[in-house]
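This is data.csv (CSV, C-alpha atoms).
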```
chain,number,residue,atom,x,y,z
A,1,MET,CA,0.0,0.0,0.0
A,2,ALA,CA,1.9,2.9,-1.4
A,3,THR,CA,-0.1,5.8,-2.8
A,4,ASN,CA,0.6,9.1,-4.4
A,5,SER,CA,0.0,11.8,-1.9
A,6,THR,CA,-1.7,15.2,-1.9
A,7,ILE,CA,0.4,16.2,1.2
A,8,GLU,CA,2.4,19.2,-0.1
A,9,TRP,CA,5.7,18.2,1.4
A,10,THR,CA,6.0,14.6,0.1
A,11,GLU,CA,5.3,12.6,-3.0
A,12,MET,CA,3.8,9.4,-1.7
A,13,THR,CA,2.9,7.5,1.4
A,14,TRP,CA,3.9,4.0,2.6
A,15,ASN,CA,1.9,2.5,5.5
A,16,PRO,CA,3.4,-0.8,6.8
A,17,VAL,CA,1.4,0.1,10.0
A,18,THR,CA,-2.1,1.6,10.2
A,19,GLY,CA,-4.1,2.7,13.2
A,20,CYS,CA,-3.1,4.6,16.3
A,21,THR,CA,-4.2,6.0,19.7
A,22,LYS,CA,-4.5,9.6,20.8
A,23,ILE,CA,-1.8,10.9,23.2
A,24,SER,CA,-2.0,14.7,23.0
A,25,GLU,CA,-4.2,17.6,21.9
A,26,GLY,CA,-2.9,17.5,18.3
A,27,CYS,CA,-4.6,14.1,18.0
A,28,ARG,CA,-8.1,15.4,18.9
A,29,HIS,CA,-9.4,15.7,15.3
A,30,CYS,CA,-7.1,13.1,13.7
A,31,TYR,CA,-7.5,13.1,9.9
A,32,ALA,CA,-6.1,9.5,9.7
A,33,GLU,CA,-8.8,8.2,12.1
A,34,ARG,CA,-11.5,9.8,10.0
A,35,LEU,CA,-10.0,8.3,6.8
A,36,ALA,CA,-9.5,4.9,8.3
A,37,LEU,CA,-13.1,4.6,9.4
A,38,ARG,CA,-14.3,5.8,6.0
A,39,LEU,CA,-12.1,3.1,4.3
A,40,ARG,CA,-13.5,0.4,6.6
A,41,ALA,CA,-17.0,1.5,5.6
A,42,MET,CA,-15.9,1.1,2.0
A,43,GLU,CA,-14.7,-2.4,2.8
A,44,ASN,CA,-11.1,-1.7,2.1
A,45,PRO,CA,-9.3,-4.9,3.3
A,46,ARG,CA,-6.4,-2.9,4.8
A,47,TYR,CA,-8.9,-1.3,7.2
A,48,THR,CA,-11.0,-4.2,8.5
A,49,ASN,CA,-9.8,-3.2,11.9
A,50,GLY,CA,-10.7,0.5,11.4
A,51,PHE,CA,-8.3,2.6,13.3
A,52,ASP,CA,-7.0,-0.1,15.6
A,53,LEU,CA,-3.3,-0.6,15.3
A,54,THR,CA,-2.5,-3.1,12.6
A,55,LEU,CA,0.8,-4.4,11.2
A,56,HIS,CA,0.9,-5.1,7.5
A,57,ASP,CA,3.9,-7.5,7.3
A,58,ASP,CA,3.5,-7.9,3.5
A,59,LEU,CA,4.2,-4.2,2.9
A,60,VAL,CA,7.5,-3.9,4.7
A,61,GLU,CA,9.5,-4.7,1.6
A,62,LEU,CA,7.4,-2.6,-0.8
A,63,PRO,CA,9.8,0.3,-1.5
A,64,ARG,CA,12.4,-2.2,-2.8
A,65,ARG,CA,10.2,-2.8,-5.8
A,66,MET,CA,10.0,0.9,-6.7
A,67,LYS,CA,13.1,1.9,-8.7
A,68,ARG,CA,12.2,5.5,-9.5
A,69,PRO,CA,13.4,7.8,-6.7
A,70,ARG,CA,10.5,9.1,-4.6
A,71,MET,CA,10.0,11.2,-1.5
A,72,ILE,CA,8.1,8.8,0.8
A,73,PHE,CA,6.2,9.7,4.0
A,74,VAL,CA,6.3,6.6,6.3
A,75,ASN,CA,3.1,5.7,8.1
A,76,SER,CA,0.9,8.7,7.3
A,77,MET,CA,-1.9,6.5,8.8
A,78,SER,CA,-0.1,5.6,12.1
A,79,ASP,CA,3.0,6.2,14.2
A,80,LEU,CA,5.9,3.9,13.6
A,81,PHE,CA,7.1,4.4,17.2
A,82,HIS,CA,3.7,3.6,18.7
A,83,GLU,CA,4.2,1.5,21.9
A,84,ASP,CA,2.5,-1.5,20.4
A,85,VAL,CA,4.7,-1.7,17.3
A,86,PRO,CA,7.4,-4.4,18.1
A,87,GLU,CA,11.0,-3.2,18.0
A,88,GLY,CA,11.8,-6.0,15.5
A,89,PHE,CA,9.1,-4.7,13.1
A,90,ILE,CA,10.5,-1.1,13.4
A,91,GLY,CA,14.0,-2.6,12.7
A,92,ARG,CA,12.8,-4.3,9.5
A,93,VAL,CA,11.3,-1.0,8.3
A,94,PHE,CA,14.6,0.7,8.8
A,95,GLU,CA,16.4,-2.2,7.0
A,96,THR,CA,14.2,-1.6,4.0
A,97,MET,CA,14.9,2.2,4.1
A,98,ASN,CA,18.6,1.5,4.4
A,99,ASP,CA,18.5,-0.8,1.3
A,100,CYS,CA,16.6,1.8,-0.8
A,101,PRO,CA,19.0,4.7,-1.2
A,102,GLN,CA,17.1,5.9,-4.3
A,103,HIS,CA,14.3,7.1,-2.0
A,104,THR,CA,14.0,9.7,0.7
A,105,PHE,CA,12.0,8.6,3.7
A,106,GLN,CA,10.2,11.0,6.0
A,107,ILE,CA,9.2,9.6,9.4
A,108,LEU,CA,7.0,11.6,11.9
A,109,THR,CA,6.2,10.6,15.4
A,110,LYS,CA,4.6,12.0,18.6
A,111,ARG,CA,6.3,9.2,20.6
A,112,SER,CA,9.6,11.0,20.9
A,113,ASP,CA,10.5,9.3,24.2
A,114,ARG,CA,10.4,5.9,22.5
A,115,LEU,CA,12.2,7.3,19.5
A,116,ARG,CA,15.0,8.6,21.8
A,117,LYS,CA,15.3,5.3,23.6
A,118,MET,CA,15.5,3.2,20.3
A,119,ALA,CA,17.5,5.6,18.2
A,120,GLY,CA,20.9,4.2,19.1
A,121,GLY,CA,20.0,0.7,17.9
A,122,LEU,CA,18.7,1.8,14.5
A,123,GLY,CA,20.7,2.5,11.4
A,124,TRP,CA,20.3,6.1,10.2
A,125,PRO,CA,21.3,6.3,6.5
A,126,LYS,CA,21.3,9.8,5.0
A,127,ASN,CA,18.0,9.2,3.1
A,128,VAL,CA,16.0,8.9,6.3
A,129,TRP,CA,14.6,12.1,7.7
A,130,MET,CA,13.2,12.1,11.3
A,131,GLY,CA,10.6,14.4,12.6
A,132,VAL,CA,8.4,15.0,15.6
A,133,SER,CA,4.9,16.7,15.9
A,134,VAL,CA,4.9,19.8,18.0
A,135,GLU,CA,1.4,21.3,18.1
A,136,ASP,CA,1.8,23.6,21.1
A,137,GLU,CA,4.1,24.4,24.1
A,138,ARG,CA,2.8,21.5,26.1
A,139,VAL,CA,4.8,19.0,23.9
A,140,ILE,CA,7.8,21.2,23.1
A,141,GLY,CA,10.0,18.6,24.9
A,142,ARG,CA,9.7,16.4,21.9
A,143,ILE,CA,12.2,18.7,20.2
A,144,ASP,CA,14.9,17.8,22.8
A,145,ASP,CA,14.3,14.1,22.2
A,146,LEU,CA,14.6,14.6,18.5
A,147,ARG,CA,17.9,16.4,18.9
A,148,THR,CA,19.5,13.2,20.3
A,149,VAL,CA,18.7,11.3,17.1
A,150,PRO,CA,21.5,10.9,14.5
A,151,ALA,CA,19.3,11.5,11.5
A,152,ALA,CA,20.7,13.4,8.5
A,153,VAL,CA,17.7,15.7,8.6
A,154,ARG,CA,15.6,16.4,11.8
A,155,PHE,CA,12.4,18.2,11.3
A,156,LEU,CA,9.3,19.5,13.1
A,157,SER,CA,5.7,19.3,12.0
A,158,CYS,CA,3.8,22.1,13.8
A,159,GLU,CA,0.5,20.9,12.5
A,160,PRO,CA,-2.1,21.3,13.6
A,161,LEU,CA,-0.7,24.4,15.2
A,162,ILE,CA,-3.1,25.1,18.1
A,163,GLY,CA,-1.1,27.4,20.2
A,164,PRO,CA,2.0,29.7,20.2
A,165,LEU,CA,5.5,28.3,19.9
A,166,ASP,CA,7.5,31.5,20.6
A,167,ASP,CA,10.7,30.1,22.2
A,168,MET,CA,11.7,26.9,20.4
A,169,ASN,CA,15.3,25.7,20.5
A,170,LEU,CA,16.0,24.9,16.8
A,171,ASP,CA,19.6,23.9,17.2
A,172,GLY,CA,20.1,20.8,15.0
A,173,ILE,CA,16.7,21.2,13.4
A,174,GLY,CA,16.8,21.6,9.6
A,175,TRP,CA,13.2,21.9,8.6
A,176,VAL,CA,9.9,23.2,10.1
A,177,ILE,CA,6.5,22.5,8.6
A,178,VAL,CA,3.6,24.7,9.8
A,179,GLY,CA,-0.1,24.1,9.2
A,180,GLY,CA,-3.5,24.8,10.6
A,181,GLU,CA,-6.0,22.2,11.6
A,182,SER,CA,-8.6,21.3,8.9
A,183,GLY,CA,-11.9,19.4,8.7
A,184,PRO,CA,-14.8,19.2,11.1
A,185,GLY,CA,-14.3,21.1,14.4
A,186,ALA,CA,-11.0,22.7,13.2
A,187,ARG,CA,-9.4,24.9,15.8
A,188,PRO,CA,-8.2,28.3,14.5
A,189,MET,CA,-4.5,29.2,14.0
A,190,LYS,CA,-3.4,32.7,14.6
A,191,ARG,CA,-1.2,34.6,12.0
A,192,GLU,CA,1.2,35.7,14.8
A,193,TRP,CA,1.9,32.1,15.7
A,194,VAL,CA,3.0,31.3,12.2
A,195,GLU,CA,5.0,34.5,11.8
A,196,SER,CA,6.8,33.8,15.0
A,197,ILE,CA,7.9,30.4,13.8
A,198,LEU,CA,9.0,31.8,10.5
A,199,ASN,CA,11.2,34.3,12.3
A,200,GLN,CA,12.7,31.6,14.5
A,201,CYS,CA,13.5,29.6,11.4
A,202,ARG,CA,15.3,32.5,9.8
A,203,ARG,CA,17.4,33.1,12.9
A,204,ALA,CA,18.3,29.4,13.1
A,205,ASN,CA,18.8,28.9,9.4
A,206,ALA,CA,16.1,26.3,9.2
A,207,ALA,CA,14.0,25.7,6.2
A,208,PHE,CA,10.3,26.8,6.6
A,209,PHE,CA,7.4,25.1,4.8
A,210,PHE,CA,3.9,26.6,5.2
A,211,LYS,CA,1.4,23.9,4.4
A,212,GLN,CA,-2.0,25.5,5.0
A,213,TRP,CA,-4.2,27.8,7.0
A,214,GLY,CA,-6.7,25.0,7.5
A,215,GLY,CA,-10.2,25.5,8.7
A,216,THR,CA,-13.4,23.6,7.9
A,217,ARG,CA,-12.7,24.2,4.2
A,218,LYS,CA,-9.0,24.4,3.7
A,219,ASP,CA,-9.4,24.8,0.0
A,220,LYS,CA,-11.0,28.2,0.7
A,221,THR,CA,-8.2,29.5,3.1
A,222,GLY,CA,-5.2,28.5,1.0
A,223,ARG,CA,-1.6,28.4,1.9
A,224,GLU,CA,-0.2,31.8,1.3
A,225,LEU,CA,1.5,33.7,4.1
A,226,ASN,CA,1.8,37.5,3.6
A,227,GLY,CA,1.2,37.1,-0.2
A,228,ARG,CA,3.6,34.3,-0.9
A,229,THR,CA,4.0,30.5,-0.5
A,230,TYR,CA,6.8,28.9,1.5
A,231,ASP,CA,7.9,25.6,0.0
A,232,GLU,CA,11.4,25.4,1.5
A,233,LEU,CA,13.2,22.1,1.8
A,234,PRO,CA,16.1,21.2,4.1
A,235,ALA,CA,19.6,22.2,3.1
A,236,ALA,CA,20.6,18.6,2.6
A,237,ILE,CA,18.2,18.4,-0.3
A,238,ALA,CA,18.9,21.9,-1.6
A,239,LYS,CA,22.6,21.0,-1.9
A,240,ASP,CA,21.9,17.9,-4.0
A,241,LYS,CA,19.8,19.8,-6.5
```

Go ahead and render the structure in this file as structure tokens.
Amino acid sequence: MATNSTIEWTEMTWNPVTGCTKISEGCRHCYAERLALRLRAMENPRYTNGFDLTLHDDLVELPRRMKRPRMIFVNSMSDLFHEDVPEGFIGRVFETMNDCPQHTFQILTKRSDRLRKMAGGLGWPKNVWMGVSVEDERVIGRIDDLRTVPAAVRFLSCEPLIGPLDDMNLDGIGWVIVGGESGPGARPMKREWVESILNQCRRANAAFFFKQWGGTRKDKTGRELNGRTYDELPAAIAKDK
């Protein structure tokens, strides 16, 4: 199950794990949960369990069969470092990524404590980018956990941004994605929160990617900030182009 993605900062998604559980306020209106339940209603065989955590053993090797280089978001429908994903399974996912240097893999987790504890036992080839979700100041400690990980690119996803993040330590962080919450019940994102993060990125020489304003109809609010779009990528990629 690898599909072309409409997510602005990647090209496709690869989901060897689906399903998750909520651990912080950023999870409240989880888009993946809504989609998983919709897919179960459509009788998609991958979502027979709805949004319950499910391992798809037959998909672990899938990127090996894709020769054309792609930017791949790993587990858009789950969290690879969920406490119920066995360490051996995570290790196999990393082995696949290590053996596929033609691709760039983007991993995003809210379980930064488990990431930190496991990081030393995982291989970190330069084509694996590691990120954490930071939706407000209550979870800012995830950045410190991420900083301990020897990934070539460390990044933050401040989406859904539901509060100010005015004093982040961006040492060792190469990329910051910002976006507002979208869909039913979306909480508003303030312009000053976004501009603060942009200014922090400029001071830290980190790439800034503004994904969306969000809202109930994100197609209506767009993704321009002060009259322009921000599609910056990490320096590691910029140097290769």

Å distance separating CA of Lys126 in chain A from CA of Asp145 in chain A, one decimal place: 19.1 Å

Among the residues A:Lys22, A:His103, A:Arg223, A:Arg191, the one that comes closest to Arg68 in chain A [using only C-alpha atoms]: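 Counting only C-alpha atoms, the residue closest to Arg68 in chain A is A:His103.
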
Minimum-distance residue to Leu62 in chain A, chosen among A:Gln106, A:Thr3, A:Ser78, A:Asn49 (using only C-alpha atoms): A:Thr3

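Going from CA of Gly215 in chain A over to CA of Ala186 in chain A, you cover 5.4 Å.
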
Residue contacts of Leu80 in chain A (8 Å, all atoms listed in the file) excluding same-chain residues fewer than 6 positions away, as a list in words: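 Residues meeting the cut-off are Val17, Val74, Ile90, Ile107, Leu108 and Thr109 of chain A.
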
Give me, as a Markdown table, each residue of range 131-170 of chain A that comes within 7 Å of range 196-213 of chain A, together with its shortest interatomic pair and the distance in Å at one decimal, counting only C-alpha atoms, with rows ordered by chain and rising residue number.
```
| residue | atom | partner | partner_atom | distance |
| --- | --- | --- | --- | --- |
| A:Leu165 | CA | A:Ile197 | CA | 6.9 |
| A:Asp166 | CA | A:Ser196 | CA | 6.1 |
| A:Leu170 | CA | A:Ala204 | CA | 6.3 |
```

Range 32-38 of chain A surroundings by all atoms listed in the file, 6 Å radius, close-in-sequence under 6 positions cut, as a list in words: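 Using all atoms listed in the file, the neighbours found are Gly50, Phe51 and Met77 of chain A.
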
Among listed residues A:Leu55, A:Ala41, A:Ile162, A:Leu156, nearest Arg28 in chain A (using all atoms listed in the file):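 Selected residue with least distance to Arg28 in chain A: A:Ile162.
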
Shell around range 152-154 of chain A at 10 Å using all atoms listed in the file, local window under 5 positions removed, as a ChimeraX atom specification: /A:106-108,124-132,143,146-147,170,172-176,234-237

Output C-alpha atoms of each residue in that selection to a file, as an mmCIF file, in the frame of the given file.
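So result-v5.cif came out as:
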```
data_model
loop_
_atom_site.group_PDB
_atom_site.id
_atom_site.type_symbol
_atom_site.label_atom_id
_atom_site.label_comp_id
_atom_site.auth_asym_id
_atom_site.auth_seq_id
_atom_site.Cartn_x
_atom_site.Cartn_y
_atom_site.Cartn_z
ATOM 1 C CA GLN A 106 10.200 11.000 6.000
ATOM 2 C CA ILE A 107 9.200 9.600 9.400
ATOM 3 C CA LEU A 108 7.000 11.600 11.900
ATOM 4 C CA TRP A 124 20.300 6.100 10.200
ATOM 5 C CA PRO A 125 21.300 6.300 6.500
ATOM 6 C CA LYS A 126 21.300 9.800 5.000
ATOM 7 C CA ASN A 127 18.000 9.200 3.100
ATOM 8 C CA VAL A 128 16.000 8.900 6.300
ATOM 9 C CA TRP A 129 14.600 12.100 7.700
ATOM 10 C CA MET A 130 13.200 12.100 11.300
ATOM 11 C CA GLY A 131 10.600 14.400 12.600
ATOM 12 C CA VAL A 132 8.400 15.000 15.600
ATOM 13 C CA ILE A 143 12.200 18.700 20.200
ATOM 14 C CA LEU A 146 14.600 14.600 18.500
ATOM 15 C CA ARG A 147 17.900 16.400 18.900
ATOM 16 C CA LEU A 170 16.000 24.900 16.800
ATOM 17 C CA GLY A 172 20.100 20.800 15.000
ATOM 18 C CA ILE A 173 16.700 21.200 13.400
ATOM 19 C CA GLY A 174 16.800 21.600 9.600
ATOM 20 C CA TRP A 175 13.200 21.900 8.600
ATOM 21 C CA VAL A 176 9.900 23.200 10.100
ATOM 22 C CA PRO A 234 16.100 21.200 4.100
ATOM 23 C CA ALA A 235 19.600 22.200 3.100
ATOM 24 C CA ALA A 236 20.600 18.600 2.600
ATOM 25 C CA ILE A 237 18.200 18.400 -0.300
#
```

One-decimal distance in Å that lies between CA of Asn4 in chain A and CA of Arg111 in chain A: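 Calculated distance between CA of Arg111 in chain A and CA of Asn4 in chain A is 25.6 Å.
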
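Compared by their closest atoms to Asp52 in chain A, and using all atoms listed in the file, the residues A:Thr18, A:Pro150, A:Lys67, A:Glu8 rank with A:Thr18 nearest.
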
Spatial neighbours of Arg70 in chain A, 12 Å, all atoms listed in the file, chain gap at least 2 places, as a PyMOL selection string: chain A and resi 2-5+9-14+63-68+72-74+97+100-106+127

Nearest residue to Ser24 in chain A from the set A:Ser76, A:Ser133, A:Thr6, A:Asn98 (distances using all atoms listed in the file):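 Ranked by minimum distance to Ser24 in chain A, first place goes to A:Ser133.
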
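Within 12 Å of Pro86 in chain A, once only C-alpha atoms are used and residues closer than 2 positions along the same chain are dropped, the contacting residues are Val17, Leu53, Thr54, Leu55, Asp57, Leu80, Phe81, His82, Glu83, Asp84, Gly88, Phe89, Ile90, Gly91, Arg92, Val93, Arg114 and Met118 of chain A.
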
Expected answer as JSON, numbers by chain: all residues with atoms within 7 Å of (3.9, 24.7, 24.1), only C-alpha atoms: {"A": [136, 137, 138, 139, 140, 163, 164, 165]}

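Nearest to Thr96 in chain A of all the residues A:Pro16, A:Pro69, A:Gly183, A:Pro160 is A:Pro16, counting all atoms listed in the file.
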